[in-house]
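Here is the file my_file_25.pdb (PDB, C-alpha atoms, pLDDT in the B column).
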```
ATOM      1  CA  MET I1194      57.947 -65.010 -15.159  1.00 53.00           C
ATOM      2  CA  PRO I1195      54.459 -65.273 -13.602  1.00 64.00           C
ATOM      3  CA  VAL I1196      53.722 -68.061 -11.150  1.00 77.00           C
ATOM      4  CA  ILE I1197      52.001 -70.960 -12.897  1.00 81.00           C
ATOM      5  CA  PRO I1198      48.948 -72.217 -10.963  1.00 85.00           C
ATOM      6  CA  ALA I1199      48.668 -75.871  -9.989  1.00 86.00           C
ATOM      7  CA  PRO I1200      47.204 -78.032 -12.807  1.00 84.00           C
ATOM      8  CA  LYS I1201      43.680 -78.153 -11.324  1.00 90.00           C
ATOM      9  CA  ASP I1202      43.707 -74.371 -10.705  1.00 91.00           C
ATOM     10  CA  GLN I1203      44.293 -73.444 -14.360  1.00 94.00           C
ATOM     11  CA  TRP I1204      41.229 -71.973 -16.089  1.00 94.00           C
ATOM     12  CA  TYR I1205      41.269 -70.715 -19.670  1.00 94.00           C
ATOM     13  CA  VAL I1206      38.906 -68.822 -21.954  1.00 93.00           C
ATOM     14  CA  VAL I1207      38.491 -70.554 -25.315  1.00 94.00           C
ATOM     15  CA  HIS I1208      37.042 -68.714 -28.315  1.00 94.00           C
ATOM     16  CA  VAL I1209      34.507 -70.876 -30.183  1.00 95.00           C
ATOM     17  CA  LEU I1210      32.112 -70.461 -33.088  1.00 95.00           C
ATOM     18  CA  SER I1211      29.192 -68.269 -32.042  1.00 90.00           C
ATOM     19  CA  GLY I1212      26.137 -70.325 -31.183  1.00 92.00           C
ATOM     20  CA  GLN I1213      28.254 -73.491 -30.854  1.00 94.00           C
ATOM     21  CA  GLU I1214      29.210 -73.107 -27.179  1.00 94.00           C
ATOM     22  CA  GLY I1215      27.031 -76.006 -25.980  1.00 94.00           C
ATOM     23  CA  LYS I1216      28.150 -78.270 -28.818  1.00 96.00           C
ATOM     24  CA  VAL I1217      31.810 -77.533 -28.095  1.00 96.00           C
ATOM     25  CA  ARG I1218      31.284 -78.257 -24.375  1.00 96.00           C
ATOM     26  CA  ASP I1219      29.530 -81.540 -25.158  1.00 96.00           C
ATOM     27  CA  ASN I1220      32.154 -82.479 -27.754  1.00 96.00           C
ATOM     28  CA  VAL I1221      35.037 -81.825 -25.329  1.00 96.00           C
ATOM     29  CA  ASN I1222      33.307 -83.794 -22.562  1.00 96.00           C
ATOM     30  CA  ARG I1223      32.657 -86.719 -24.922  1.00 96.00           C
ATOM     31  CA  ARG I1224      36.255 -86.694 -26.171  1.00 96.00           C
ATOM     32  CA  VAL I1225      37.633 -86.497 -22.601  1.00 95.00           C
ATOM     33  CA  VAL I1226      36.062 -89.900 -21.936  1.00 95.00           C
ATOM     34  CA  ALA I1227      36.871 -91.433 -25.332  1.00 95.00           C
ATOM     35  CA  GLU I1228      40.506 -90.276 -25.380  1.00 95.00           C
ATOM     36  CA  GLU I1229      41.098 -90.680 -21.638  1.00 95.00           C
ATOM     37  CA  MET I1230      41.927 -87.009 -21.057  1.00 95.00           C
ATOM     38  CA  GLY I1231      40.325 -86.816 -17.603  1.00 94.00           C
ATOM     39  CA  ASP I1232      43.771 -86.311 -16.059  1.00 94.00           C
ATOM     40  CA  CYS I1233      44.204 -83.053 -18.055  1.00 94.00           C
ATOM     41  CA  VAL I1234      40.741 -81.613 -18.767  1.00 95.00           C
ATOM     42  CA  TYR I1235      38.621 -81.240 -15.631  1.00 96.00           C
ATOM     43  CA  GLU I1236      35.616 -79.060 -16.428  1.00 95.00           C
ATOM     44  CA  VAL I1237      34.082 -77.169 -19.363  1.00 95.00           C
ATOM     45  CA  LEU I1238      31.615 -74.354 -18.609  1.00 93.00           C
ATOM     46  CA  VAL I1239      29.210 -72.353 -20.729  1.00 92.00           C
ATOM     47  CA  PRO I1240      28.005 -69.815 -18.142  1.00 86.00           C
ATOM     48  CA  THR I1241      24.298 -69.026 -18.609  1.00 83.00           C
ATOM     49  CA  GLU I1242      21.516 -67.232 -16.786  1.00 77.00           C
ATOM     50  CA  MET I1243      17.745 -67.458 -16.996  1.00 73.00           C
ATOM     51  CA  VAL I1244      16.029 -64.397 -18.452  1.00 73.00           C
ATOM     52  CA  SER I1245      12.330 -63.685 -18.767  1.00 69.00           C
ATOM     53  CA  GLU I1246      10.412 -61.501 -21.148  1.00 67.00           C
ATOM     54  CA  VAL I1247       6.832 -60.871 -22.113  1.00 63.00           C
ATOM     55  CA  LYS I1248       5.919 -61.497 -25.744  1.00 65.00           C
ATOM     56  CA  LYS I1249       2.359 -60.986 -26.949  1.00 64.00           C
ATOM     57  CA  GLY I1250       1.151 -60.901 -23.365  1.00 62.00           C
ATOM     58  CA  LYS I1251       2.821 -64.189 -22.353  1.00 69.00           C
ATOM     59  CA  LYS I1252       5.827 -64.483 -20.080  1.00 70.00           C
ATOM     60  CA  THR I1253       8.571 -66.729 -21.454  1.00 74.00           C
ATOM     61  CA  SER I1254      11.864 -67.810 -19.923  1.00 74.00           C
ATOM     62  CA  SER I1255      15.043 -68.737 -21.737  1.00 74.00           C
ATOM     63  CA  LYS I1256      18.735 -69.241 -21.073  1.00 78.00           C
ATOM     64  CA  ARG I1257      21.188 -66.550 -22.126  1.00 78.00           C
ATOM     65  CA  LYS I1258      24.948 -66.980 -22.273  1.00 83.00           C
ATOM     66  CA  PHE I1259      27.153 -64.637 -20.191  1.00 79.00           C
ATOM     67  CA  PHE I1260      29.971 -64.820 -22.732  1.00 86.00           C
ATOM     68  CA  PRO I1261      28.611 -65.633 -26.202  1.00 90.00           C
ATOM     69  CA  GLY I1262      31.329 -67.156 -28.379  1.00 92.00           C
ATOM     70  CA  TYR I1263      33.416 -68.427 -25.444  1.00 93.00           C
ATOM     71  CA  VAL I1264      33.671 -71.452 -23.179  1.00 94.00           C
ATOM     72  CA  ILE I1265      35.641 -71.600 -19.944  1.00 94.00           C
ATOM     73  CA  VAL I1266      37.846 -74.680 -19.482  1.00 95.00           C
ATOM     74  CA  ASN I1267      39.559 -75.922 -16.326  1.00 96.00           C
ATOM     75  CA  MET I1268      42.534 -77.878 -17.659  1.00 96.00           C
ATOM     76  CA  TYR I1269      46.191 -78.665 -17.169  1.00 94.00           C
ATOM     77  CA  LEU I1270      47.758 -76.676 -20.004  1.00 93.00           C
ATOM     78  CA  LEU I1271      50.914 -75.108 -18.560  1.00 91.00           C
ATOM     79  CA  GLU I1272      53.753 -77.061 -16.971  1.00 90.00           C
ATOM     80  CA  GLU I1273      55.466 -75.699 -13.844  1.00 88.00           C
ATOM     81  CA  ASP I1274      58.303 -74.341 -16.007  1.00 88.00           C
ATOM     82  CA  GLY I1275      55.821 -72.480 -18.257  1.00 86.00           C
ATOM     83  CA  ARG I1276      55.960 -74.864 -21.227  1.00 90.00           C
ATOM     84  CA  LEU I1277      52.715 -75.873 -22.898  1.00 90.00           C
ATOM     85  CA  ASN I1278      51.362 -79.356 -22.279  1.00 92.00           C
ATOM     86  CA  ASP I1279      51.158 -80.332 -25.964  1.00 93.00           C
ATOM     87  CA  ARG I1280      48.704 -83.154 -25.327  1.00 94.00           C
ATOM     88  CA  THR I1281      46.118 -80.767 -23.830  1.00 94.00           C
ATOM     89  CA  TRP I1282      46.901 -77.950 -26.281  1.00 93.00           C
ATOM     90  CA  TYR I1283      46.203 -80.091 -29.359  1.00 94.00           C
ATOM     91  CA  PHE I1284      43.235 -81.792 -27.716  1.00 96.00           C
ATOM     92  CA  ILE I1285      41.465 -78.420 -27.333  1.00 95.00           C
ATOM     93  CA  LYS I1286      42.698 -76.893 -30.620  1.00 93.00           C
ATOM     94  CA  GLU I1287      41.499 -79.931 -32.607  1.00 94.00           C
ATOM     95  CA  THR I1288      37.999 -79.872 -31.100  1.00 95.00           C
ATOM     96  CA  THR I1289      35.340 -79.059 -33.691  1.00 95.00           C
ATOM     97  CA  GLY I1290      34.044 -75.509 -33.195  1.00 95.00           C
ATOM     98  CA  VAL I1291      37.110 -74.181 -31.350  1.00 95.00           C
ATOM     99  CA  ILE I1292      38.663 -71.099 -32.944  1.00 94.00           C
ATOM    100  CA  ASN I1293      41.516 -70.434 -30.518  1.00 92.00           C
ATOM    101  CA  PHE I1294      42.419 -69.492 -26.991  1.00 91.00           C
ATOM    102  CA  ALA I1295      41.435 -65.970 -25.941  1.00 88.00           C
ATOM    103  CA  GLY I1296      44.322 -63.559 -25.427  1.00 80.00           C
ATOM    104  CA  ASN I1297      47.736 -64.584 -26.694  1.00 77.00           C
ATOM    105  CA  LYS I1298      46.869 -67.297 -29.223  1.00 71.00           C
ATOM    106  CA  ASN I1299      50.222 -69.081 -29.093  1.00 76.00           C
ATOM    107  CA  ARG I1300      50.813 -68.635 -25.382  1.00 82.00           C
ATOM    108  CA  PRO I1301      47.536 -68.698 -23.426  1.00 88.00           C
ATOM    109  CA  MET I1302      47.707 -67.561 -19.831  1.00 87.00           C
ATOM    110  CA  PRO I1303      45.397 -68.951 -17.184  1.00 90.00           C
ATOM    111  CA  MET I1304      42.779 -66.697 -15.639  1.00 90.00           C
ATOM    112  CA  ARG I1305      43.797 -65.114 -12.330  1.00 90.00           C
ATOM    113  CA  GLN I1306      42.438 -66.929  -9.291  1.00 90.00           C
ATOM    114  CA  SER I1307      40.393 -63.852  -8.314  1.00 91.00           C
ATOM    115  CA  GLU I1308      38.758 -63.840 -11.783  1.00 90.00           C
ATOM    116  CA  VAL I1309      37.953 -67.546 -11.489  1.00 90.00           C
ATOM    117  CA  GLU I1310      36.412 -67.118  -8.034  1.00 91.00           C
ATOM    118  CA  GLN I1311      34.366 -64.133  -9.201  1.00 90.00           C
ATOM    119  CA  MET I1312      33.159 -65.982 -12.319  1.00 86.00           C
ATOM    120  CA  LEU I1313      32.201 -69.136 -10.387  1.00 86.00           C
ATOM    121  CA  ALA I1314      30.346 -67.042  -7.788  1.00 86.00           C
ATOM    122  CA  GLN I1315      28.527 -65.193 -10.569  1.00 82.00           C
ATOM    123  CA  ILE I1316      27.518 -68.499 -12.205  1.00 79.00           C
ATOM    124  CA  LYS I1317      26.212 -69.876  -8.907  1.00 80.00           C
ATOM    125  CA  GLU I1318      24.334 -66.655  -8.141  1.00 76.00           C
ATOM    126  CA  ARG I1319      22.685 -66.471 -11.544  1.00 72.00           C
ATOM    127  CA  GLU I1320      21.791 -70.134 -12.055  1.00 68.00           C
ATOM    128  CA  ASP I1321      18.781 -69.834  -9.746  1.00 64.00           C
ATOM    129  CA  ASP I1322      17.884 -66.192 -10.386  1.00 64.00           C
ATOM    130  CA  GLU I1323      15.686 -65.275 -13.294  1.00 61.00           C
ATOM    131  CA  LYS I1324      16.320 -61.816 -14.709  1.00 63.00           C
ATOM    132  CA  PRO I1325      14.019 -59.865 -16.972  1.00 62.00           C
ATOM    133  CA  ARG I1326      15.354 -59.387 -20.488  1.00 64.00           C
ATOM    134  CA  ILE I1327      15.638 -55.680 -21.195  1.00 68.00           C
ATOM    135  CA  THR I1328      15.949 -54.823 -24.858  1.00 75.00           C
ATOM    136  CA  HIS I1329      15.853 -51.036 -24.547  1.00 80.00           C
ATOM    137  CA  GLU I1330      18.765 -48.708 -23.852  1.00 85.00           C
ATOM    138  CA  VAL I1331      19.083 -45.304 -22.221  1.00 89.00           C
ATOM    139  CA  GLY I1332      18.057 -42.671 -24.767  1.00 89.00           C
ATOM    140  CA  ASP I1333      15.612 -44.929 -26.660  1.00 89.00           C
ATOM    141  CA  THR I1334      12.156 -43.589 -27.418  1.00 90.00           C
ATOM    142  CA  VAL I1335       9.520 -46.018 -26.168  1.00 90.00           C
ATOM    143  CA  LYS I1336       5.753 -46.249 -26.010  1.00 87.00           C
ATOM    144  CA  VAL I1337       4.080 -47.179 -22.729  1.00 85.00           C
ATOM    145  CA  ALA I1338       2.004 -50.301 -23.464  1.00 81.00           C
ATOM    146  CA  ASP I1339       0.329 -50.785 -20.089  1.00 78.00           C
ATOM    147  CA  GLY I1340      -0.659 -48.839 -17.012  1.00 78.00           C
ATOM    148  CA  PRO I1341      -1.907 -45.296 -16.388  1.00 81.00           C
ATOM    149  CA  PHE I1342       0.413 -43.803 -19.034  1.00 82.00           C
ATOM    150  CA  GLU I1343      -0.614 -46.283 -21.750  1.00 84.00           C
ATOM    151  CA  SER I1344       0.036 -45.133 -25.341  1.00 83.00           C
ATOM    152  CA  GLN I1345       2.228 -42.205 -24.248  1.00 87.00           C
ATOM    153  CA  ASN I1346       5.680 -41.907 -25.748  1.00 89.00           C
ATOM    154  CA  GLY I1347       8.690 -41.272 -23.573  1.00 90.00           C
ATOM    155  CA  MET I1348      12.447 -41.537 -23.392  1.00 91.00           C
ATOM    156  CA  VAL I1349      14.346 -44.178 -21.407  1.00 91.00           C
ATOM    157  CA  GLU I1350      16.298 -42.263 -18.752  1.00 91.00           C
ATOM    158  CA  GLU I1351      17.626 -45.107 -16.616  1.00 90.00           C
ATOM    159  CA  ILE I1352      17.580 -48.926 -16.509  1.00 87.00           C
ATOM    160  CA  ASP I1353      17.773 -51.110 -13.409  1.00 84.00           C
ATOM    161  CA  HIS I1354      18.764 -54.494 -14.861  1.00 74.00           C
ATOM    162  CA  ASP I1355      18.678 -56.266 -11.506  1.00 71.00           C
ATOM    163  CA  ARG I1356      15.073 -55.328 -10.792  1.00 74.00           C
ATOM    164  CA  GLY I1357      13.891 -55.306 -14.428  1.00 73.00           C
ATOM    165  CA  LYS I1358      12.701 -51.710 -14.114  1.00 84.00           C
ATOM    166  CA  ILE I1359      12.930 -48.917 -16.673  1.00 88.00           C
ATOM    167  CA  MET I1360      12.686 -45.240 -15.768  1.00 90.00           C
ATOM    168  CA  VAL I1361      10.926 -43.423 -18.586  1.00 91.00           C
ATOM    169  CA  SER I1362      10.484 -39.679 -18.970  1.00 91.00           C
ATOM    170  CA  VAL I1363       6.889 -38.958 -20.093  1.00 89.00           C
ATOM    171  CA  ASP I1364       5.037 -35.691 -20.623  1.00 85.00           C
ATOM    172  CA  ILE I1365       2.344 -35.203 -17.969  1.00 81.00           C
ATOM    173  CA  PHE I1366       0.391 -31.914 -18.018  1.00 77.00           C
ATOM    174  CA  GLY I1367       3.168 -30.251 -20.022  1.00 79.00           C
ATOM    175  CA  ARG I1368       5.974 -31.388 -17.688  1.00 86.00           C
ATOM    176  CA  LYS I1369       8.518 -34.141 -18.095  1.00 87.00           C
ATOM    177  CA  THR I1370       8.049 -36.685 -15.320  1.00 85.00           C
ATOM    178  CA  ILE I1371      10.044 -39.831 -14.650  1.00 87.00           C
ATOM    179  CA  VAL I1372       7.915 -42.949 -14.163  1.00 88.00           C
ATOM    180  CA  GLU I1373       9.196 -46.359 -13.134  1.00 87.00           C
ATOM    181  CA  LEU I1374       7.855 -49.154 -15.310  1.00 85.00           C
ATOM    182  CA  GLU I1375       8.324 -52.888 -15.634  1.00 78.00           C
ATOM    183  CA  ASN I1376      10.224 -53.965 -18.737  1.00 74.00           C
ATOM    184  CA  TRP I1377       7.100 -55.563 -20.228  1.00 74.00           C
ATOM    185  CA  GLN I1378       5.128 -52.310 -19.861  1.00 79.00           C
ATOM    186  CA  VAL I1379       7.066 -50.564 -22.643  1.00 80.00           C
ATOM    187  CA  GLU I1380       7.612 -51.277 -26.318  1.00 80.00           C
ATOM    188  CA  SER I1381       9.623 -49.615 -29.056  1.00 80.00           C
ATOM    189  CA  ALA I1382       7.985 -46.449 -30.348  1.00 75.00           C
TER
END
```
This entry written out as structure tokens:
Amino acid sequence: MPVIPAPKDQWYVVHVLSGQEGKVRDNVNRRVVAEEMGDCVYEVLVPTEMVSEVKKGKKTSSKRKFFPGYVIVNMYLLEEDGRLNDRTWYFIKETTGVINFAGNKNRPMPMRQSEVEQMLAQIKEREDDEKPRITHEVGDTVKVADGPFESQNGMVEEIDHDRGKIMVSVDIFGRKTIVELENWQVESA
């Protein structure tokens, strides 16, 4: 039998209705206070990151969820002997918008500590960073919308999500040449 983490070290992935992640988080937090569940439910996260894109020549920023359809909950769900804490189980299951626990529906297992640490580090890293939204994929045919290769068609060869750059193969003087472009410099062909 696996070692059960201490109550405050138990993190679970909860499957919720798509688009309802924020409402579920707010609902759980509100119910924690109203039903005095603060001794069992510690934190509810909807990991997001800021993404930017250019639409009609204007740069816009918005939040995007890391895990659409899921919330991450730090709660005391498993007893030391592996039994479910029924009070916490029903509290989460009866929350409006919750579908079920991810993984084994009747016997959820907490995330491994390494997964939790990695996820929390990723959240912290991305909360301040703004990433460009890239809607194209490798192999897509695109049209260059700006720069010296404007109005030429090409194929996406590589995408650097971290830098927001797209490498596009365009035809220059009868030869295929890879050019590095900003995400906003290309549009669907």
Shortest contact to Gln1306 (chain I), candidates I:Asp1353, I:Met1243, I:Asn1267, I:Arg1224, atoms counted all atoms listed in the file, goes to I:Asn1267
Computed gap from CA of Phe1259 (chain I) to CA of Thr1281 (chain I) is 25.2 Å
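Picture a line from CA of Gly1275 (chain I) to CA of Pro1301 (chain I); it runs 10.5 Å.
By chain and then residue number, the residues within 12 Å of Pro1240 (chain I) are Val1206, Glu1214, Gly1215, Arg1218, Val1237, Leu1238, Glu1242, Met1243, Lys1256, Arg1257, Lys1258, Phe1259, Phe1260, Pro1261, Gly1262, Tyr1263, Val1264, Ile1265, Val1266, Met1312, Leu1313, Ala1314, Gln1315, Ile1316, Lys1317, Glu1318, Arg1319 and Glu1320 of chain I, counting all atoms listed in the file and disregarding those fewer than 2 positions away in sequence.
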A straight line from CA of Ser1362 (chain I) to CA of Ser1255 (chain I) spans 29.5 Å
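What the PyMOL selection byres ((chain I and resi 1270) around 10) picks from this file is Pro1200, Lys1201, Gln1203, Trp1204, Tyr1205, Cys1233, Val1234, Asn1267, Met1268, Tyr1269, Leu1271, Glu1272, Glu1273, Gly1275, Arg1276, Leu1277, Asn1278, Asp1279, Arg1280, Thr1281, Trp1282, Ile1285, Pro1301, Met1302 and Pro1303 of chain I.
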Q.
Around the point (11.0, -52.1, -18.3) (coordinates from the file), which residues reach within 6 Å if we count all atoms listed in the file? Answer as a PyMOL selection string.
A. chain I and resi 1357-1359+1374-1377
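With distances taken over all atoms listed in the file, I:Thr1370 is the one residue among I:Thr1253, I:Asn1299, I:Thr1370, I:Ser1381 lying closest to Glu1350 (chain I).
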Exercise. Could you give me, as number ranges by chain, the residues that sit within 12 Å of (0.6, -46.9, -24.1) in the file's coordinates, counting all atoms listed in the file?
Key: I: 1335-1347, 1363, 1374, 1377-1382
Pick out the residues sitting within 9 Å of Glu1330 (chain I), and hand them over as a short mmCIF file (atom, residue, chain, number, x, y, z; two decimals) with C-alpha atoms, in the coordinates of the input; count only C-alpha atoms, and ignore anything fewer than 3 positions along from it in its own chain.
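Final output, part.cif:
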```cif
data_model
loop_
_atom_site.label_atom_id
_atom_site.label_comp_id
_atom_site.auth_asym_id
_atom_site.auth_seq_id
_atom_site.Cartn_x
_atom_site.Cartn_y
_atom_site.Cartn_z
CA ILE I 1327 15.64 -55.68 -21.20
CA ASP I 1333 15.61 -44.93 -26.66
CA VAL I 1349 14.35 -44.18 -21.41
CA GLU I 1350 16.30 -42.26 -18.75
CA GLU I 1351 17.63 -45.11 -16.62
CA ILE I 1352 17.58 -48.93 -16.51
#
```
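Using all atoms listed in the file, the smallest distance between any of I:Gly1231, I:Val1207, I:Lys1298, I:Thr1288 and Asp1219 (chain I) comes from I:Thr1288.
Proximity of I:Thr1334, I:Tyr1235, I:Phe1366, I:Thr1328 to Asn1222 (chain I), computed with all atoms listed in the file, is greatest for I:Tyr1235.
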Enclosing box along x, y and z for every listed atom of region 1219-1231 of chain I, padded 4 Å each side, centre and size in Å, one decimal, as JSON:
```
{"center_x": 35.7, "center_y": -86.5, "center_z": -22.7, "size_x": 20.4, "size_y": 17.9, "size_z": 18.2}
```
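When all atoms listed in the file are used to compute distances to Asp1355 (chain I), the closest of the residues I:Val1244, I:Val1331, I:Val1291, I:Met1304 turns out to be I:Val1244.
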| Shell of 9 Å around Gly1290 (chain I), only C-alpha atoms, local chain residues under 5 positions omitted, as JSON, numbers by chain | {"I": [1208, 1209, 1210, 1211, 1213, 1214, 1216, 1217]}
